[in-house]
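S.K.: Dumping the structure here so I can ask a few things about it.
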Amino acid sequence: MLFFVEQSLNGLQLGITLFLMSAGLTLVFGIMRVINLAHGSFYMIGAYCGATTMAATGSFLLAIGAALIGAALAGMVVEVLVLRVLYRREHLDQVLATFGLILFCNELTRIIWGRQPLFMDVPPWLGGSIELLPGLIYPIYRLAVIGVGVAVALFLWFLFSRTRLGMQIRAGAENREMIGALGVNIRLLYTLVFGLGAMLAGLAGVMAGPIMAVESGMGEDILILTFVVIVIGGIGSIRGAVVGALLVGVVDTMGRVFLPSLFRIVFSNAYADSVAASLASMAIYLLMAAILIWRPRGLFPAHS
């Protein structure tokens, strides 16, 4: 039972990381109608900026600040120089342009930081473990990641529900020509939205830094999971991003942990591990297919 709770928390932590990624990406697509394959590159940029700052200063808070600023600036530069000319182009043009950005960013990180991965240490004040239940010891840092995700979800809810900027963003998603005619600088608004999405990806990257290696191309794998989250939750929906991310995180974690044990009951250990590993990798895609059969536009589509 305690092992199940522990793995549930691991799934929750993965889901929170996916939420930070998917929230920014679903904002960009839902509001700006841009397919941004380079979103994983902002995750990578945030991780590299955070790891570099952490190594230079020893401060994890400064590392977070550097990751947020670096990813946001990179996102706004990309929006102004590349994506601004693609808003009224076909999605194929957007896919090709942002795929090119992936290659460009990966090579740029290799030029700047080299090919060797960087590593971040867990800050001392978040190191160690805490006893959540009798016999259940869990790392404090992973709980901190969960807390950050909850704080970001509350911030986004407040931003879009209770602020004038959020009202303008929602209106721009519905009718960009009308809100432009009312005097809102739609170009600046789009730049800010894209910068916010990139900043959330950078936050996900720096929070993942102490858990995994920081290396060129690290954004591609999580980008695939992020698109699965968005499809499950509903394109353009922050609520859908939250639910979809948690579902994907828990299903992926539970599948990788428990499927081998279940298959060993019937098959030999080697065969069970092989089959279970394959099915665990397929689990989230089977989940996506099942949900799309039930709700073709996702669980919480933004415009239903």
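Ordered as shown in the structure tokens, chains take letters A, B, and onward, while each chain numbers its residues from 1 and ligands are numbered from 1 in the order shown.
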Excluding Leu136 (chain A) and residues on its chain fewer than 5 positions from it, collect all residues at most 8 Å away from it, counting only C-alpha atoms, and give them as JSON, numbers by chain.
M.R.: {"A": [2, 3, 6, 131]}
S.K.: Contacts of Val77 (chain A) at 12 Å or less, counting only C-alpha atoms, minus same-chain residues fewer than 3 places along, as a JSON list (two decimals) with C-alpha atoms, in the first residue's frame?
M.R.:
```json
[["chain", "number", "residue", "atom", "x", "y", "z"],
["A", 42, "PHE", "CA", 12.24, 26.48, -24.28],
["A", 70, "GLY", "CA", 16.00, 33.15, -20.41],
["A", 71, "ALA", "CA", 13.08, 31.06, -21.65],
["A", 72, "ALA", "CA", 10.69, 34.05, -21.76],
["A", 73, "LEU", "CA", 13.17, 36.19, -23.73],
["A", 74, "ALA", "CA", 13.89, 33.33, -26.12],
["A", 80, "VAL", "CA", 8.74, 38.44, -33.13],
["A", 81, "LEU", "CA", 11.28, 37.14, -35.64],
["A", 82, "VAL", "CA", 9.70, 33.88, -36.81],
["A", 83, "LEU", "CA", 6.11, 33.23, -35.80],
["A", 84, "ARG", "CA", 4.68, 36.69, -36.37],
["A", 101, "LEU", "CA", 13.81, 25.93, -34.70],
["A", 190, "TYR", "CA", 0.52, 37.82, -28.57],
["A", 191, "THR", "CA", 4.17, 38.41, -27.75],
["A", 192, "LEU", "CA", 3.36, 38.43, -24.03],
["A", 194, "PHE", "CA", 4.05, 33.47, -26.20],
["A", 195, "GLY", "CA", 6.59, 34.69, -23.66],
["A", 198, "ALA", "CA", 7.87, 29.81, -22.99]]
```
S.K.: When you draw a straight line from CA of Phe267 (chain A) to CA of Val250 (chain A), how long is it in Å?
M.R.: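 Rounded to one decimal, the two atoms are 25.1 Å apart.
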S.K.: Would you mind listing what lies within 9 Å of region 91-93 of chain A as a list of chain:residue names, with only C-alpha atoms counted and same-chain residues fewer than 3 positions away left out?
M.R.: A:Arg33, A:Val34, A:Ile35, A:Leu86, A:Tyr87, A:Arg88, A:Leu96, A:Ala97, A:Thr98
S.K.: Tell me, which residues of region 4-179 of chain A carry DSSP helix (DSSP H, G or I), written as number ranges by chain?
M.R.: A: 4-32, 39-57, 60-81, 83-86, 91-113, 124-126, 140-162, 164-174, 176-179
S.K.: Of the candidates A:Ile232, A:Leu27, A:Val145, A:Leu225, which one gets nearest to Met282 (chain A) if we count only C-alpha atoms?
M.R.: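 Among the listed residues, the smallest separation from Met282 (chain A) belongs to A:Leu225.
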S.K.: Neighbouring residues of Ile102 (chain A) were defined as those with any atom within 10 Å, considering only C-alpha atoms; residues of the same chain fewer than 6 positions away were excluded. Please report them as a ChimeraX atom specification.
M.R.: /A:36-42,108,217,219-220
S.K.: Using only C-alpha atoms, which protein or nucleic acid residues come within 9 Å of region 150-155 of chain A? Drop anything in the same chain fewer than 4 positions from it, and give the result as a list in words.
M.R.: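 Final neighbour list, sorted by chain and number: Ile16, Phe19, Leu20, Ala23, Val145, Ile146, Leu159, Phe160, Leu200, Ile238, Arg239 and Val242 of chain A.
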S.K.: So, with only C-alpha atoms as the atoms that count, which of A:Arg170, A:Arg297, A:Arg164, A:Arg142 lies closest to Leu14 (chain A)?
M.R.: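 Checking each candidate against Leu14 (chain A), we get A:Arg142 as the closest.
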S.K.: Go through region 117-303 of chain A and collect every residue that DSSP, computed from the backbone, puts in strand (DSSP E or B); the answer should be as a list in words.
M.R.: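 So the strand (DSSP E or B) residues in region 117-303 of chain A would be Leu118, Ser129, Ile130, Glu131, Leu132, Leu133, Leu136, Ile137, Tyr138, Pro139 and Val214 of chain A.
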S.K.: State, in Å with one decimal place, the distance from CA of Ala283 (chain A) to CA of Tyr138 (chain A).
M.R.: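 We find that CA of Ala283 (chain A) and CA of Tyr138 (chain A) lie 25.7 Å from each other.
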S.K.: Can you list, as a VMD selection string, every protein, DNA or RNA residue that comes within 9 Å of Val231 (chain A) when you count only C-alpha atoms, leaving out same-chain residues fewer than 6 positions away?
M.R.: chain A and resid 240 to 241 244 288 292 297 to 299
S.K.: Output C-alpha atoms for every residue in that selection, as an mmCIF file, in the first residue's frame.
M.R.:
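Done, and the output landed in out_33.cif:
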```
data_model
loop_
_atom_site.group_PDB
_atom_site.id
_atom_site.type_symbol
_atom_site.label_atom_id
_atom_site.label_comp_id
_atom_site.auth_asym_id
_atom_site.auth_seq_id
_atom_site.Cartn_x
_atom_site.Cartn_y
_atom_site.Cartn_z
ATOM 1 C CA GLY A 240 -7.906 20.290 -19.547
ATOM 2 C CA ALA A 241 -4.123 20.677 -19.281
ATOM 3 C CA GLY A 244 -4.737 15.584 -18.829
ATOM 4 C CA MET A 288 -5.605 9.004 -25.496
ATOM 5 C CA LEU A 292 -10.930 10.543 -28.087
ATOM 6 C CA ARG A 297 -12.412 17.132 -28.745
ATOM 7 C CA GLY A 298 -10.840 16.132 -25.439
ATOM 8 C CA LEU A 299 -12.163 16.187 -21.905
#
```
S.K.: Within 8 Å of region 201-210 of chain A, counting only C-alpha atoms, which residues show up once you throw out same-chain ones fewer than 3 positions away? Write them as an NGL selection string, please.
M.R.: :A and (17-18 or 20-21 or 24 or 39-40 or 42-51 or 63-64 or 67-68 or 70-72 or 119-122 or 145 or 197-198 or 213-214)
